[in-house]
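Below is one structure, written out as structure tokens; comments come after it.
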Amino acid sequence: MGLNLNPSVQTLILPSMYNAIVSRRNLVILAIAAVILVGIIIYLAKKPPENRTINIPQFKNDNQPQETSKEAISVYAQNLEVIWAMAFLPSGDLLATERKGTVNLIDAEGNISRIFALDNVLQAGESGLHGIAIHPDFENNRFVYLYYTYRGNGDNTQNRVSRFRFDGETFTEERIIVDAIPGAIFHDGGRIKFGPDKNLYITTGDARNPSLAQNVNSLAGKILRVTDEGNPVPGNPFGTRVYSYGHRNPQGIAWDENGKLWETEHGESATDEFNIIKPGKNYGWPTIRGDQTQDGIEKPVLHSGTETWAPAGAAYADGSIFFGGLKGQALFQAKLQGESAVLSSHFKEQFGRIRDVIVGPDGFLYISTSNQDGRGKPVEGDDKIIRINPDQF
């Protein structure tokens, strides 16, 4: 049945109905648009940024290396705490120590498993769990070595090196191989690495007692060389574990392609050192420092002068020793020229305090930050392990 209206009535009513319909349709469209807009805003707010740029190169947060770039840099792992040392297993997985006493296993995708914690580690000041080393014949014996601080008899602070068996899940069967290394709240050394000769090298600090560094009968302020069982290596210069002496707080060692041993060492507030290490030699602490000389004492190849590097872990790659700077907040590069070197620095203040540097099986440098050690300024994700292509240098 049709609707018959007076034309004058139609003239009044129909436009009003039409306007009402249009208004409702517009409201519906606006409501739908508002819902879509809110959804987009929520999505963008929750979606993490894929990149953040710290000058050059790009600093990625997705654990995926930029393989096509010679300036490749990426976060390999993050949300760790004071990563003191790192070592790659033959499988390609990475073991990393945290100074508080934790050992982490990190796979190729950057996934972290906290596999072991020392229950007797003493963490105070700079002491705690330090170096880690993988036995050269790990695939057969499964041996991993740790350097850590503990409370000895009479409440003395001491350091030791212990050997463990890694069963794929955790560490077992601790065997102490070098014990009673003098320790303190500062100056504990702590780097351990197997050299090309398959012997274990250990750096020790002076334990805040400088005279111990000059005493060849003390284990403090030294570089030690021992067998994988912890015994003095036959041919060591003093018939003991001592390989070199006169060190204040050595924290980095690395061998070049010719088998020469290089070392980084903390000076007293400044005059940090970069040394070539020779058996039986005296490296001067506390007798000389910087450019000072004395017969029978080795001068550093490089030193920081009035500045402070606070140098830590070191690694050799492509003719250079790369080492981390803690207070220096940089990756330092000592380009070797025989038994001398030319120094440059990279990423100054971009990543904060850099503690360890190693070379991965892929030939890239892996550096660890130490921004949660009470002296740094941590940012989101600290502490991190960062992967760097050395071809850019």
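Labels used: A, B, ... for chains in the order of the structure tokens, numbers from 1 for residues in each chain, and numbers from 1 for ligands as shown.
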
Inset, instruction - Skip Tyr283 (chain A) itself and residues of its chain fewer than 4 positions away, then list as a PyMOL selection string all residues within 12 Å of it, counting only C-alpha atoms. - result: chain A and resi 213-214+221-223+243-250+263-265+267+273-279+287-290+292-301

N, CA and C atoms of the current selection, written as a CSV table (one decimal), in the first residue's frame:
```csv
chain,number,residue,atom,x,y,z
A,213,ALA,N,103.6,-7.6,43.2
A,213,ALA,CA,103.8,-7.7,41.8
A,213,ALA,C,105.3,-8.0,41.5
A,214,GLN,N,106.2,-7.5,42.4
A,214,GLN,CA,107.6,-7.6,42.2
A,214,GLN,C,108.2,-8.9,42.8
A,221,GLY,N,99.9,-10.2,40.8
A,221,GLY,CA,100.5,-9.3,39.9
A,221,GLY,C,101.3,-10.0,38.8
A,222,LYS,N,100.8,-11.1,38.3
A,222,LYS,CA,101.5,-11.9,37.4
A,222,LYS,C,100.7,-12.3,36.1
A,223,ILE,N,101.4,-12.9,35.2
A,223,ILE,CA,100.8,-13.8,34.2
A,223,ILE,C,101.3,-15.1,34.5
A,243,TYR,N,105.0,-16.7,34.7
A,243,TYR,CA,105.5,-16.5,33.3
A,243,TYR,C,106.1,-15.1,33.2
A,244,SER,N,105.4,-14.1,33.7
A,244,SER,CA,105.9,-12.7,33.7
A,244,SER,C,105.4,-12.1,35.0
A,245,TYR,N,106.0,-10.9,35.4
A,245,TYR,CA,105.7,-10.3,36.6
A,245,TYR,C,105.8,-8.8,36.5
A,246,GLY,N,105.5,-8.1,37.6
A,246,GLY,CA,105.4,-6.7,37.6
A,246,GLY,C,104.2,-6.1,37.0
A,247,HIS,N,103.0,-6.8,37.1
A,247,HIS,CA,101.8,-6.4,36.6
A,247,HIS,C,100.9,-5.8,37.7
A,248,ARG,N,100.1,-4.8,37.4
A,248,ARG,CA,99.2,-4.2,38.4
A,248,ARG,C,97.8,-4.9,38.4
A,249,ASN,N,97.2,-4.8,37.2
A,249,ASN,CA,95.9,-5.5,37.1
A,249,ASN,C,95.6,-5.8,35.6
A,250,PRO,N,96.3,-6.9,35.1
A,250,PRO,CA,96.1,-7.3,33.7
A,250,PRO,C,94.8,-7.9,33.5
A,263,GLU,N,99.2,-8.0,25.9
A,263,GLU,CA,98.4,-7.9,27.1
A,263,GLU,C,97.9,-6.5,27.4
A,264,THR,N,96.8,-6.3,28.0
A,264,THR,CA,96.3,-5.0,28.4
A,264,THR,C,96.2,-5.0,29.9
A,265,GLU,N,96.5,-3.8,30.5
A,265,GLU,CA,96.7,-3.7,31.9
A,265,GLU,C,96.3,-2.3,32.4
A,267,GLY,N,96.5,0.8,34.6
A,267,GLY,CA,97.5,1.6,35.3
A,267,GLY,C,96.8,2.2,36.6
A,273,GLU,N,98.3,0.3,30.1
A,273,GLU,CA,99.3,-0.3,29.3
A,273,GLU,C,98.8,-1.3,28.3
A,274,PHE,N,99.6,-1.3,27.2
A,274,PHE,CA,99.5,-2.3,26.2
A,274,PHE,C,100.9,-2.9,26.0
A,275,ASN,N,101.0,-4.2,26.3
A,275,ASN,CA,102.4,-4.8,26.4
A,275,ASN,C,102.5,-6.0,25.5
A,276,ILE,N,103.7,-6.3,25.0
A,276,ILE,CA,104.1,-7.6,24.4
A,276,ILE,C,104.8,-8.3,25.5
A,277,ILE,N,104.3,-9.6,25.8
A,277,ILE,CA,104.7,-10.3,26.9
A,277,ILE,C,105.8,-11.4,26.5
A,278,LYS,N,106.9,-11.3,27.3
A,278,LYS,CA,108.0,-12.3,27.0
A,278,LYS,C,108.3,-13.0,28.4
A,279,PRO,N,108.6,-14.3,28.3
A,279,PRO,CA,108.8,-15.1,29.5
A,279,PRO,C,109.9,-14.5,30.4
A,287,THR,N,107.4,0.0,40.1
A,287,THR,CA,108.6,0.7,40.0
A,287,THR,C,108.6,1.8,39.0
A,288,ILE,N,108.1,1.5,37.8
A,288,ILE,CA,108.1,2.6,36.8
A,288,ILE,C,106.7,2.5,36.1
A,289,ARG,N,106.3,3.6,35.4
A,289,ARG,CA,105.1,3.6,34.7
A,289,ARG,C,105.2,4.6,33.5
A,290,GLY,N,104.4,4.5,32.5
A,290,GLY,CA,104.4,5.4,31.4
A,290,GLY,C,105.7,5.3,30.7
A,292,GLN,N,108.6,6.1,31.8
A,292,GLN,CA,109.8,6.0,32.7
A,292,GLN,C,110.5,4.7,32.3
A,293,THR,N,111.8,4.7,32.5
A,293,THR,CA,112.7,3.5,32.2
A,293,THR,C,113.6,3.1,33.4
A,294,GLN,N,113.9,1.9,33.3
A,294,GLN,CA,114.9,1.4,34.3
A,294,GLN,C,115.5,0.1,33.7
A,295,ASP,N,116.7,-0.1,33.9
A,295,ASP,CA,117.4,-1.3,33.4
A,295,ASP,C,116.7,-2.6,33.9
A,296,GLY,N,116.5,-3.5,33.0
A,296,GLY,CA,115.9,-4.8,33.4
A,296,GLY,C,114.3,-4.8,33.5
A,297,ILE,N,113.7,-3.6,33.1
A,297,ILE,CA,112.3,-3.5,33.2
A,297,ILE,C,111.8,-3.2,31.8
A,298,GLU,N,110.7,-3.8,31.4
A,298,GLU,CA,110.1,-3.6,30.1
A,298,GLU,C,109.2,-2.4,30.1
A,299,LYS,N,109.3,-1.5,29.0
A,299,LYS,CA,108.4,-0.4,28.8
A,299,LYS,C,107.2,-0.9,28.1
A,300,PRO,N,106.0,-0.3,28.3
A,300,PRO,CA,104.9,-0.7,27.5
A,300,PRO,C,105.0,-0.3,26.0
A,301,VAL,N,104.4,-1.1,25.2
A,301,VAL,CA,104.4,-0.7,23.7
A,301,VAL,C,103.6,0.6,23.5
```

Inset, instruction - With a distance cut-off of 9 Å and only C-alpha atoms, select the neighbouring residues of Leu146 (chain A), excluding the residue or stretch itself and same-chain residues fewer than 2 positions from it, and output the selection as a list in words. - result: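 That gives Thr97, Leu129, His130, Gly131, Ile132, Ala133, Val144, Tyr148, Arg160, Val161, Ser162, Arg163, Phe164 and Ile192 of chain A.
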
Legend entry - Nearest candidate to Asn111 (chain A) (options A:Ser218, A:Asn140, A:Asn79, A:Thr240; using only C-alpha atoms): A:Asn79

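Close contacts of region 365-372 of chain A, defined as residues with an atom at most 7 Å away when counting only C-alpha atoms, with chain neighbours fewer than 2 positions off set aside, comprise Glu81, Val82, Ile83, Phe351, Gly352, Arg353, Ile354, Arg355, Asp356, Val357, Ile358, Val359, Gly360, Gly363, Gly374, Arg375, Gly376, Lys377, Pro378, Asp382, Asp383, Lys384, Ile385, Ile386, Arg387, Ile388, Asn389 and Pro390 of chain A.
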
Inset, instruction - Would you list the contacts of Phe171 (chain A) as a count of residues only, taking every protein, DNA or RNA residue within 12 Å and counting only C-alpha atoms, but skipping same-chain residues closer than 5 positions in sequence? - result: 20
